[in-house]
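Student: Data: upload-v3.pdb, PDB, C-alpha atoms.
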ATOM      1  CA  MET A   1      24.618   6.762  11.759
ATOM      2  CA  ALA A   2      25.995   9.682   9.833
ATOM      3  CA  SER A   3      25.194  13.285  10.668
ATOM      4  CA  LYS A   4      26.386  16.647   9.348
ATOM      5  CA  ASN A   5      25.965  20.026  10.950
ATOM      6  CA  ALA A   6      25.062  21.834   7.742
ATOM      7  CA  SER A   7      23.252  25.137   7.607
ATOM      8  CA  LYS A   8      20.107  24.914   5.481
ATOM      9  CA  SER A   9      17.565  27.599   4.712
ATOM     10  CA  SER A  10      14.132  26.898   6.133
ATOM     11  CA  GLY A  11      11.538  25.716   3.651
ATOM     12  CA  THR A  12      13.967  24.097   1.191
ATOM     13  CA  THR A  13      13.792  20.676   2.874
ATOM     14  CA  ARG A  14      11.493  19.009   5.342
ATOM     15  CA  ASN A  15      12.939  19.140   8.861
ATOM     16  CA  ILE A  16      11.986  16.667  11.578
ATOM     17  CA  LYS A  17      13.509  16.421  15.025
ATOM     18  CA  LYS A  18      16.056  13.644  15.372
ATOM     19  CA  SER A  19      14.278  12.496  18.555
ATOM     20  CA  THR A  20      11.102  11.982  16.496
ATOM     21  CA  VAL A  21      12.918   9.939  13.848
ATOM     22  CA  LEU A  22      14.453   7.713  16.535
ATOM     23  CA  LYS A  23      10.978   7.044  17.980
ATOM     24  CA  TRP A  24       9.799   5.525  14.703
ATOM     25  CA  LYS A  25      11.630   2.262  15.488
ATOM     26  CA  VAL A  26      11.295   0.926  11.942
ATOM     27  CA  GLY A  27      14.606  -0.921  12.120
ATOM     28  CA  ASN A  28      18.316  -0.220  12.112
ATOM     29  CA  TRP A  29      18.306   0.068   8.307
ATOM     30  CA  LEU A  30      17.168   3.712   8.477
ATOM     31  CA  GLU A  31      20.207   5.998   8.586
ATOM     32  CA  ILE A  32      20.397   9.761   9.083
ATOM     33  CA  VAL A  33      22.501  11.217   6.256
ATOM     34  CA  ASP A  34      22.181  14.946   6.886
ATOM     35  CA  SER A  35      21.017  17.127   9.768
ATOM     36  CA  ASN A  36      21.408  20.600  11.205
ATOM     37  CA  ARG A  37      21.246  22.116  14.655
ATOM     38  CA  HIS A  38      18.854  24.926  15.511
ATOM     39  CA  LYS A  39      18.047  26.296  18.967
ATOM     40  CA  GLY A  40      19.576  23.324  20.719
ATOM     41  CA  GLU A  41      17.654  20.741  18.645
ATOM     42  CA  VAL A  42      19.009  18.432  15.934
ATOM     43  CA  TRP A  43      16.775  18.502  12.834
ATOM     44  CA  VAL A  44      17.011  15.666  10.305
ATOM     45  CA  THR A  45      16.975  16.802   6.691
ATOM     46  CA  SER A  46      17.976  13.615   4.849
ATOM     47  CA  VAL A  47      17.787   9.867   5.463
ATOM     48  CA  ARG A  48      18.632   6.739   3.525
ATOM     49  CA  CYS A  49      18.211   2.967   3.678
ATOM     50  CA  LYS A  50      21.502   1.283   4.569
ATOM     51  CA  LEU A  51      20.382  -2.054   3.129
ATOM     52  CA  CYS A  52      19.232  -0.624  -0.198
ATOM     53  CA  ALA A  53      22.517   1.282  -0.431
ATOM     54  CA  LYS A  54      24.430  -1.935   0.257
ATOM     55  CA  TYR A  55      22.585  -3.919  -2.443
ATOM     56  CA  GLU A  56      21.911  -1.030  -4.841
ATOM     57  CA  LYS A  57      23.266  -2.830  -7.926
ATOM     58  CA  LYS A  58      20.976  -5.815  -7.328
ATOM     59  CA  LEU A  59      17.896  -3.648  -6.779
ATOM     60  CA  THR A  60      17.988  -1.321  -9.785
ATOM     61  CA  ASN A  61      15.661  -3.514 -11.878
ATOM     62  CA  THR A  62      13.004  -3.945  -9.181
ATOM     63  CA  ARG A  63       9.670  -2.163  -9.418
ATOM     64  CA  ASN A  64       9.557   1.354  -7.904
ATOM     65  CA  PHE A  65      13.309   1.421  -7.266
ATOM     66  CA  ASN A  66      14.452   4.909  -6.252
ATOM     67  CA  PHE A  67      18.123   5.921  -6.053
ATOM     68  CA  SER A  68      17.326   8.548  -3.395
ATOM     69  CA  TRP A  69      16.742   5.824  -0.773
ATOM     70  CA  CYS A  70      20.283   4.581  -1.445
ATOM     71  CA  ARG A  71      21.987   7.972  -1.394
ATOM     72  CA  GLY A  72      19.752  10.149   0.757
ATOM     73  CA  THR A  73      16.181  11.403   0.458
ATOM     74  CA  THR A  74      14.867  14.686   1.834
ATOM     75  CA  ASN A  75      11.389  13.171   2.106
ATOM     76  CA  VAL A  76      11.774  12.621   5.832
ATOM     77  CA  LYS A  77       8.244  11.566   6.757
ATOM     78  CA  LEU A  78       7.023   8.447   8.538
ATOM     79  CA  ASP A  79       4.574   7.709   5.712
ATOM     80  CA  ALA A  80       7.417   7.829   3.187
ATOM     81  CA  VAL A  81       9.562   5.549   5.349
ATOM     82  CA  LYS A  82       6.705   3.022   5.698
ATOM     83  CA  THR A  83       6.053   3.128   1.947
ATOM     84  CA  HIS A  84       9.725   2.385   1.310
ATOM     85  CA  MET A  85       9.723  -0.372   3.943
ATOM     86  CA  ASN A  86       6.794  -2.127   2.225
ATOM     87  CA  GLY A  87       8.188  -1.674  -1.280
ATOM     88  CA  GLU A  88       9.638  -4.399  -3.474
ATOM     89  CA  PRO A  89      13.241  -3.020  -3.482
ATOM     90  CA  HIS A  90      13.469  -2.897   0.322
ATOM     91  CA  LYS A  91      11.939  -6.355   0.751
ATOM     92  CA  LEU A  92      14.484  -7.762  -1.696
ATOM     93  CA  ALA A  93      17.299  -5.977   0.184
ATOM     94  CA  LEU A  94      16.088  -7.561   3.447
ATOM     95  CA  LYS A  95      16.041 -10.986   1.790
ATOM     96  CA  LEU A  96      19.567 -10.506   0.420
ATOM     97  CA  GLU A  97      20.799  -9.402   3.860
ATOM     98  CA  ASP A  98      19.191 -12.414   5.552
ATOM     99  CA  GLU A  99      20.764 -14.755   3.016
ATOM    100  CA  GLU A 100      24.176 -13.154   3.500
ATOM    101  CA  MET A 101      23.957 -13.375   7.300
ATOM    102  CA  PHE A 102      22.679 -16.934   7.036
ATOM    103  CA  LYS A 103      25.629 -17.999   4.871
ATOM    104  CA  ALA A 104      28.055 -16.240   7.222
ATOM    105  CA  LYS A 105      27.003 -18.372  10.197
ATOM    106  CA  PRO A 106      29.542 -21.110  10.963
ATOM    107  CA  GLY A 107      28.512 -24.749  10.877
ATOM    108  CA  PRO A 108      25.544 -26.440   9.220
ATOM    109  CA  LEU A 109      22.288 -24.594   8.637
ATOM    110  CA  PRO A 110      19.575 -25.146  11.265
ATOM    111  CA  ALA A 111      16.921 -27.752  10.467
ATOM    112  CA  TYR A 112      14.113 -25.232  10.054
ATOM    113  CA  ALA A 113      15.960 -23.512   7.188
ATOM    114  CA  ALA A 114      14.828 -26.257   4.811
ATOM    115  CA  THR A 115      11.135 -25.989   5.727
ATOM    116  CA  PRO A 116       8.734 -23.730   3.776
ATOM    117  CA  LEU A 117       7.977 -21.809   6.967
ATOM    118  CA  GLY A 118      11.686 -21.432   7.724
ATOM    119  CA  LYS A 119      12.365 -20.010   4.268
ATOM    120  CA  ALA A 120       9.473 -17.560   4.633
ATOM    121  CA  PHE A 121      10.683 -16.591   8.112
ATOM    122  CA  PHE A 122      14.008 -15.326   6.763
ATOM    123  CA  LYS A 123      12.215 -12.928   4.406
ATOM    124  CA  LEU A 124      10.474 -11.136   7.286
ATOM    125  CA  ASN A 125      11.677  -7.917   8.891
ATOM    126  CA  GLU A 126      12.821  -7.992  12.517
ATOM    127  CA  ASN A 127       9.458  -6.868  13.961
ATOM    128  CA  ASP A 128       7.568  -9.561  12.042
ATOM    129  CA  LYS A 129      10.090 -12.190  13.142
ATOM    130  CA  VAL A 130       9.386 -11.327  16.793
ATOM    131  CA  ARG A 131       5.634 -11.686  16.161
ATOM    132  CA  VAL A 132       6.018 -15.053  14.433
ATOM    133  CA  LYS A 133       8.234 -16.358  17.245
ATOM    134  CA  LYS A 134       5.444 -15.567  19.715
ATOM    135  CA  LEU A 135       2.899 -17.396  17.533
ATOM    136  CA  ILE A 136       5.196 -20.436  17.283
ATOM    137  CA  GLU A 137       5.424 -20.493  21.083
ATOM    138  CA  ILE A 138       1.618 -20.466  21.302
ATOM    139  CA  ALA A 139       1.432 -23.347  18.763
ATOM    140  CA  TYR A 140       3.991 -25.273  20.835
ATOM    141  CA  VAL A 141       1.866 -24.894  23.978
ATOM    142  CA  VAL A 142      -1.254 -26.013  22.072
ATOM    143  CA  VAL A 143       0.360 -29.231  20.855
ATOM    144  CA  LYS A 144       2.226 -29.911  24.121
ATOM    145  CA  GLU A 145      -1.028 -29.659  26.105
ATOM    146  CA  GLU A 146      -2.774 -31.812  23.469
ATOM    147  CA  MET A 147      -5.337 -29.138  22.680
ATOM    148  CA  PRO A 148      -7.142 -28.891  19.309
ATOM    149  CA  PHE A 149      -5.591 -26.477  16.828
ATOM    150  CA  THR A 150      -8.706 -24.292  17.048
ATOM    151  CA  LYS A 151      -7.555 -23.281  20.564
ATOM    152  CA  PHE A 152      -4.573 -21.554  18.932
ATOM    153  CA  VAL A 153      -6.857 -18.775  17.657
ATOM    154  CA  ALA A 154      -8.508 -18.321  21.050
ATOM    155  CA  ILE A 155      -5.163 -18.057  22.858
ATOM    156  CA  ALA A 156      -3.797 -15.640  20.239
ATOM    157  CA  LYS A 157      -6.879 -13.420  20.624
ATOM    158  CA  LEU A 158      -6.438 -13.444  24.405
ATOM    159  CA  GLU A 159      -2.784 -12.440  24.023
ATOM    160  CA  LYS A 160      -3.803  -9.572  21.723
ATOM    161  CA  ARG A 161      -6.246  -8.385  24.410
ATOM    162  CA  HIS A 162      -3.258  -8.348  26.757
ATOM    163  CA  ARG A 163      -1.579  -5.991  24.232
ATOM    164  CA  VAL A 164       0.853  -8.593  22.935
ATOM    165  CA  GLU A 165       1.795  -7.593  19.377
ATOM    166  CA  LEU A 166       0.992 -10.548  17.103
ATOM    167  CA  GLY A 167       0.141  -8.816  13.836
ATOM    168  CA  ARG A 168      -2.744  -9.886  11.596
ATOM    169  CA  THR A 169      -1.309 -12.838   9.669
ATOM    170  CA  TYR A 170      -1.032 -16.472  10.800
ATOM    171  CA  LEU A 171      -3.950 -16.047  13.227
ATOM    172  CA  ASN A 172      -5.797 -19.241  12.240
ATOM    173  CA  ASP A 173      -5.748 -22.978  12.942
ATOM    174  CA  HIS A 174      -4.124 -23.730   9.559
ATOM    175  CA  ALA A 175      -1.133 -21.587  10.560
ATOM    176  CA  CYS A 176      -0.989 -23.478  13.851
ATOM    177  CA  ALA A 177      -0.776 -26.754  11.919
ATOM    178  CA  ASP A 178       2.063 -25.337   9.797
ATOM    179  CA  PHE A 179       3.929 -24.195  12.921
ATOM    180  CA  VAL A 180       3.498 -27.627  14.510
ATOM    181  CA  ASP A 181       4.698 -29.402  11.349
ATOM    182  CA  THR A 182       7.818 -27.228  11.343
ATOM    183  CA  ILE A 183       8.457 -27.888  15.046
ATOM    184  CA  ALA A 184       8.025 -31.644  14.412
ATOM    185  CA  GLU A 185      10.489 -31.574  11.478
ATOM    186  CA  ILE A 186      13.074 -29.800  13.628
ATOM    187  CA  TYR A 187      12.735 -32.258  16.506
ATOM    188  CA  GLU A 188      12.779 -35.252  14.131
ATOM    189  CA  ASP A 189      16.010 -33.974  12.563
ATOM    190  CA  GLU A 190      17.582 -33.470  15.998
ATOM    191  CA  LEU A 191      16.488 -36.942  17.138
ATOM    192  CA  ASN A 192      17.956 -38.500  13.979
ATOM    193  CA  GLN A 193      21.264 -36.733  14.690
ATOM    194  CA  VAL A 194      21.239 -38.129  18.240
ATOM    195  CA  ARG A 195      20.535 -41.650  16.927
ATOM    196  CA  VAL A 196      23.502 -41.367  14.537
ATOM    197  CA  LEU A 197      25.775 -40.238  17.379
ATOM    198  CA  LEU A 198      24.618 -43.160  19.570
ATOM    199  CA  MET A 199      25.582 -45.632  16.855
ATOM    200  CA  PHE A 200      29.268 -44.714  17.215
TER     201      PHE A 200
END
Using structure tokens, write down the structure that the file contains.
Tutor:
Amino acid sequence: MASKNASKSSGTTRNIKKSTVLKWKVGNWLEIVDSNRHKGEVWVTSVRCKLCAKYEKKLTNTRNFNFSWCRGTTNVKLDAVKTHMNGEPHKLALKLEDEEMFKAKPGPLPAYAATPLGKAFFKLNENDKVRVKKLIEIAYVVVKEEMPFTKFVAIAKLEKRHRVELGRTYLNDHACADFVDTIAEIYEDELNQVRVLLMF
């Protein structure tokens, strides 16, 4: 995280306390580019997206691409950050980063990588991945206890009442079936690998 102690005249840029920016918790892609210190507080005056900066050349033709998010924008507002996060350039940057990290992992790809759900999973941001993992765990319990898929929705709703963050997508019995199919494919692949090993 870069930071400069530069003196800026008030009113020329939007200043937000660094402590406030850190509370946003939008992901480690948000980087402080420029800041100044005033009365013992650090005020952020410019931020950028590390991922969009990394993949800038591959993003320039995407809709609503903005160079300022690669080099530093003075529009330091949570609404602006969320708009960028949900934009096509940032989503593509996340996908490119996931693919790069995936390829960098040693050994064969995990079984779920070939499933439609697995491919979709790697396009999600970190917060959404955590939510989906929780939903997969619920689907696993449903099938392990031999409950109907409709119970998945009831359990998810109960978890949400307990303030568990599950988002708004995948909260239906069809999603549960997809989760279970993916789990089954993974276990089948692992069992086939075990059978091959036992043959030798």
Student: Have a look at CA of Asn172 in chain A and CA of Thr150 in chain A and let me know their distance in Å, one decimal.
Tutor: 7.6 Å
Student: Which residues are close to Thr74 in chain A, i.e. within 9 Å by all atoms listed in the file, leaving aside same-chain residues fewer than 3 positions away? Reply as a list in words.
Tutor: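 In the requested form, the answer reads Thr13, Arg14, Asn15, Asp34, Val44, Thr45, Ser46, Val47, Arg48, Ser68 and Lys77 of chain A.
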Student: Selected residues, C-alpha atoms, written as a short mmCIF file (atom, residue, chain, number, x, y, z; two decimals), keeping the file's coordinate frame, please.
Tutor:
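Output saved as result_8.cif:
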data_model
loop_
_atom_site.label_atom_id
_atom_site.label_comp_id
_atom_site.auth_asym_id
_atom_site.auth_seq_id
_atom_site.Cartn_x
_atom_site.Cartn_y
_atom_site.Cartn_z
CA THR A 13 13.79 20.68 2.87
CA ARG A 14 11.49 19.01 5.34
CA ASN A 15 12.94 19.14 8.86
CA ASP A 34 22.18 14.95 6.89
CA VAL A 44 17.01 15.67 10.30
CA THR A 45 16.98 16.80 6.69
CA SER A 46 17.98 13.62 4.85
CA VAL A 47 17.79 9.87 5.46
CA ARG A 48 18.63 6.74 3.52
CA SER A 68 17.33 8.55 -3.40
CA LYS A 77 8.24 11.57 6.76
#
Student: For CA of Tyr170 in chain A and CA of Lys133 in chain A, determine how far apart the two atoms are, in Å to one decimal place.
Tutor: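 One can read the CA of Tyr170 in chain A to CA of Lys133 in chain A distance as 11.3 Å.
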Student: What residues come out when you apply the PyMOL selection byres ((chain A and resi 169) around 12) to this file, written as an MDAnalysis selection string?
Tutor: chainID A and resid 128:129 131:132 135 153 156 165:168 170:176
Student: Between A:Ile16, A:Tyr55, A:Leu158, A:Val21, which has the minimum distance to Arg37 in chain A (counting all atoms listed in the file)?
Tutor: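 Among A:Ile16, A:Tyr55, A:Leu158, A:Val21, it is A:Ile16 that comes nearest to Arg37 in chain A.
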Student: Since the input is missing atoms for range 90-101 of chain A, could you rebuild it with all heavy atoms and give the result as a PDB file, keeping the file's coordinate frame?
Tutor:
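Generated output (result.pdb):
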ATOM      1  N   HIS A  90      13.038  -2.715  -1.068  1.00  0.00           N
ATOM      2  CA  HIS A  90      13.469  -2.897   0.322  1.00  0.00           C
ATOM      3  C   HIS A  90      13.286  -4.346   0.771  1.00  0.00           C
ATOM      4  O   HIS A  90      14.143  -4.901   1.475  1.00  0.00           O
ATOM      5  CB  HIS A  90      12.692  -1.955   1.236  1.00  0.00           C
ATOM      6  CG  HIS A  90      13.138  -2.024   2.665  1.00  0.00           C
ATOM      7  ND1 HIS A  90      14.336  -1.494   3.104  1.00  0.00           N
ATOM      8  CD2 HIS A  90      12.556  -2.579   3.767  1.00  0.00           C
ATOM      9  CE1 HIS A  90      14.470  -1.716   4.394  1.00  0.00           C
ATOM     10  NE2 HIS A  90      13.408  -2.377   4.818  1.00  0.00           N
ATOM     11  N   LYS A  91      12.174  -4.957   0.369  1.00  0.00           N
ATOM     12  CA  LYS A  91      11.939  -6.355   0.751  1.00  0.00           C
ATOM     13  C   LYS A  91      13.013  -7.270   0.152  1.00  0.00           C
ATOM     14  O   LYS A  91      13.467  -8.213   0.805  1.00  0.00           O
ATOM     15  CB  LYS A  91      10.549  -6.793   0.301  1.00  0.00           C
ATOM     16  CG  LYS A  91       9.424  -6.191   1.144  1.00  0.00           C
ATOM     17  CD  LYS A  91       8.064  -6.649   0.671  1.00  0.00           C
ATOM     18  CE  LYS A  91       6.964  -6.064   1.556  1.00  0.00           C
ATOM     19  NZ  LYS A  91       5.612  -6.454   1.101  1.00  0.00           N
ATOM     20  N   LEU A  92      13.412  -6.968  -1.082  1.00  0.00           N
ATOM     21  CA  LEU A  92      14.484  -7.762  -1.696  1.00  0.00           C
ATOM     22  C   LEU A  92      15.803  -7.532  -0.967  1.00  0.00           C
ATOM     23  O   LEU A  92      16.563  -8.477  -0.733  1.00  0.00           O
ATOM     24  CB  LEU A  92      14.628  -7.396  -3.174  1.00  0.00           C
ATOM     25  CG  LEU A  92      15.763  -8.095  -3.940  1.00  0.00           C
ATOM     26  CD1 LEU A  92      15.634  -9.607  -3.846  1.00  0.00           C
ATOM     27  CD2 LEU A  92      15.788  -7.646  -5.395  1.00  0.00           C
ATOM     28  N   ALA A  93      16.069  -6.285  -0.559  1.00  0.00           N
ATOM     29  CA  ALA A  93      17.299  -5.977   0.184  1.00  0.00           C
ATOM     30  C   ALA A  93      17.327  -6.735   1.511  1.00  0.00           C
ATOM     31  O   ALA A  93      18.368  -7.264   1.915  1.00  0.00           O
ATOM     32  CB  ALA A  93      17.403  -4.474   0.428  1.00  0.00           C
ATOM     33  N   LEU A  94      16.180  -6.801   2.194  1.00  0.00           N
ATOM     34  CA  LEU A  94      16.088  -7.561   3.447  1.00  0.00           C
ATOM     35  C   LEU A  94      16.391  -9.033   3.204  1.00  0.00           C
ATOM     36  O   LEU A  94      17.107  -9.672   3.984  1.00  0.00           O
ATOM     37  CB  LEU A  94      14.692  -7.419   4.056  1.00  0.00           C
ATOM     38  CG  LEU A  94      14.377  -6.131   4.806  1.00  0.00           C
ATOM     39  CD1 LEU A  94      12.893  -6.081   5.149  1.00  0.00           C
ATOM     40  CD2 LEU A  94      15.208  -6.007   6.075  1.00  0.00           C
ATOM     41  N   LYS A  95      15.821  -9.570   2.133  1.00  0.00           N
ATOM     42  CA  LYS A  95      16.041 -10.986   1.790  1.00  0.00           C
ATOM     43  C   LYS A  95      17.520 -11.242   1.502  1.00  0.00           C
ATOM     44  O   LYS A  95      18.091 -12.233   1.981  1.00  0.00           O
ATOM     45  CB  LYS A  95      15.186 -11.345   0.574  1.00  0.00           C
ATOM     46  CG  LYS A  95      15.306 -12.791   0.128  1.00  0.00           C
ATOM     47  CD  LYS A  95      14.347 -13.059  -1.021  1.00  0.00           C
ATOM     48  CE  LYS A  95      14.472 -14.492  -1.511  1.00  0.00           C
ATOM     49  NZ  LYS A  95      15.712 -14.729  -2.249  1.00  0.00           N
ATOM     50  N   LEU A  96      18.140 -10.350   0.738  1.00  0.00           N
ATOM     51  CA  LEU A  96      19.567 -10.506   0.420  1.00  0.00           C
ATOM     52  C   LEU A  96      20.433 -10.437   1.676  1.00  0.00           C
ATOM     53  O   LEU A  96      21.405 -11.182   1.823  1.00  0.00           O
ATOM     54  CB  LEU A  96      19.997  -9.421  -0.577  1.00  0.00           C
ATOM     55  CG  LEU A  96      19.398  -9.531  -1.987  1.00  0.00           C
ATOM     56  CD1 LEU A  96      19.681  -8.262  -2.784  1.00  0.00           C
ATOM     57  CD2 LEU A  96      19.945 -10.754  -2.711  1.00  0.00           C
ATOM     58  N   GLU A  97      20.056  -9.533   2.604  1.00  0.00           N
ATOM     59  CA  GLU A  97      20.799  -9.402   3.860  1.00  0.00           C
ATOM     60  C   GLU A  97      20.644 -10.653   4.713  1.00  0.00           C
ATOM     61  O   GLU A  97      21.623 -11.145   5.298  1.00  0.00           O
ATOM     62  CB  GLU A  97      20.306  -8.172   4.623  1.00  0.00           C
ATOM     63  CG  GLU A  97      21.032  -7.910   5.926  1.00  0.00           C
ATOM     64  CD  GLU A  97      22.453  -7.413   5.771  1.00  0.00           C
ATOM     65  OE1 GLU A  97      22.937  -7.274   4.616  1.00  0.00           O
ATOM     66  OE2 GLU A  97      23.100  -7.151   6.797  1.00  0.00           O
ATOM     67  N   ASP A  98      19.427 -11.183   4.787  1.00  0.00           N
ATOM     68  CA  ASP A  98      19.191 -12.414   5.552  1.00  0.00           C
ATOM     69  C   ASP A  98      19.998 -13.567   4.985  1.00  0.00           C
ATOM     70  O   ASP A  98      20.600 -14.354   5.727  1.00  0.00           O
ATOM     71  CB  ASP A  98      17.696 -12.782   5.538  1.00  0.00           C
ATOM     72  CG  ASP A  98      16.890 -11.953   6.523  1.00  0.00           C
ATOM     73  OD1 ASP A  98      17.484 -11.436   7.486  1.00  0.00           O
ATOM     74  OD2 ASP A  98      15.671 -11.824   6.339  1.00  0.00           O
ATOM     75  N   GLU A  99      20.012 -13.679   3.661  1.00  0.00           N
ATOM     76  CA  GLU A  99      20.764 -14.755   3.016  1.00  0.00           C
ATOM     77  C   GLU A  99      22.259 -14.621   3.282  1.00  0.00           C
ATOM     78  O   GLU A  99      22.936 -15.611   3.535  1.00  0.00           O
ATOM     79  CB  GLU A  99      20.498 -14.746   1.502  1.00  0.00           C
ATOM     80  CG  GLU A  99      19.100 -15.223   1.141  1.00  0.00           C
ATOM     81  CD  GLU A  99      18.790 -15.073  -0.340  1.00  0.00           C
ATOM     82  OE1 GLU A  99      19.631 -14.494  -1.067  1.00  0.00           O
ATOM     83  OE2 GLU A  99      17.714 -15.525  -0.772  1.00  0.00           O
ATOM     84  N   GLU A 100      22.746 -13.380   3.254  1.00  0.00           N
ATOM     85  CA  GLU A 100      24.176 -13.154   3.500  1.00  0.00           C
ATOM     86  C   GLU A 100      24.541 -13.498   4.945  1.00  0.00           C
ATOM     87  O   GLU A 100      25.556 -14.151   5.198  1.00  0.00           O
ATOM     88  CB  GLU A 100      24.531 -11.697   3.202  1.00  0.00           C
ATOM     89  CG  GLU A 100      26.018 -11.408   3.323  1.00  0.00           C
ATOM     90  CD  GLU A 100      26.387 -10.004   2.890  1.00  0.00           C
ATOM     91  OE1 GLU A 100      26.126  -9.664   1.716  1.00  0.00           O
ATOM     92  OE2 GLU A 100      26.915  -9.250   3.719  1.00  0.00           O
ATOM     93  N   MET A 101      23.707 -13.074   5.884  1.00  0.00           N
ATOM     94  CA  MET A 101      23.957 -13.375   7.300  1.00  0.00           C
ATOM     95  C   MET A 101      23.844 -14.868   7.555  1.00  0.00           C
ATOM     96  O   MET A 101      24.582 -15.437   8.349  1.00  0.00           O
ATOM     97  CB  MET A 101      22.965 -12.604   8.171  1.00  0.00           C
ATOM     98  CG  MET A 101      23.200 -11.107   8.190  1.00  0.00           C
ATOM     99  SD  MET A 101      21.969 -10.216   9.161  1.00  0.00           S
ATOM    100  CE  MET A 101      22.357 -10.799  10.803  1.00  0.00           C
TER     101      MET A 101
END
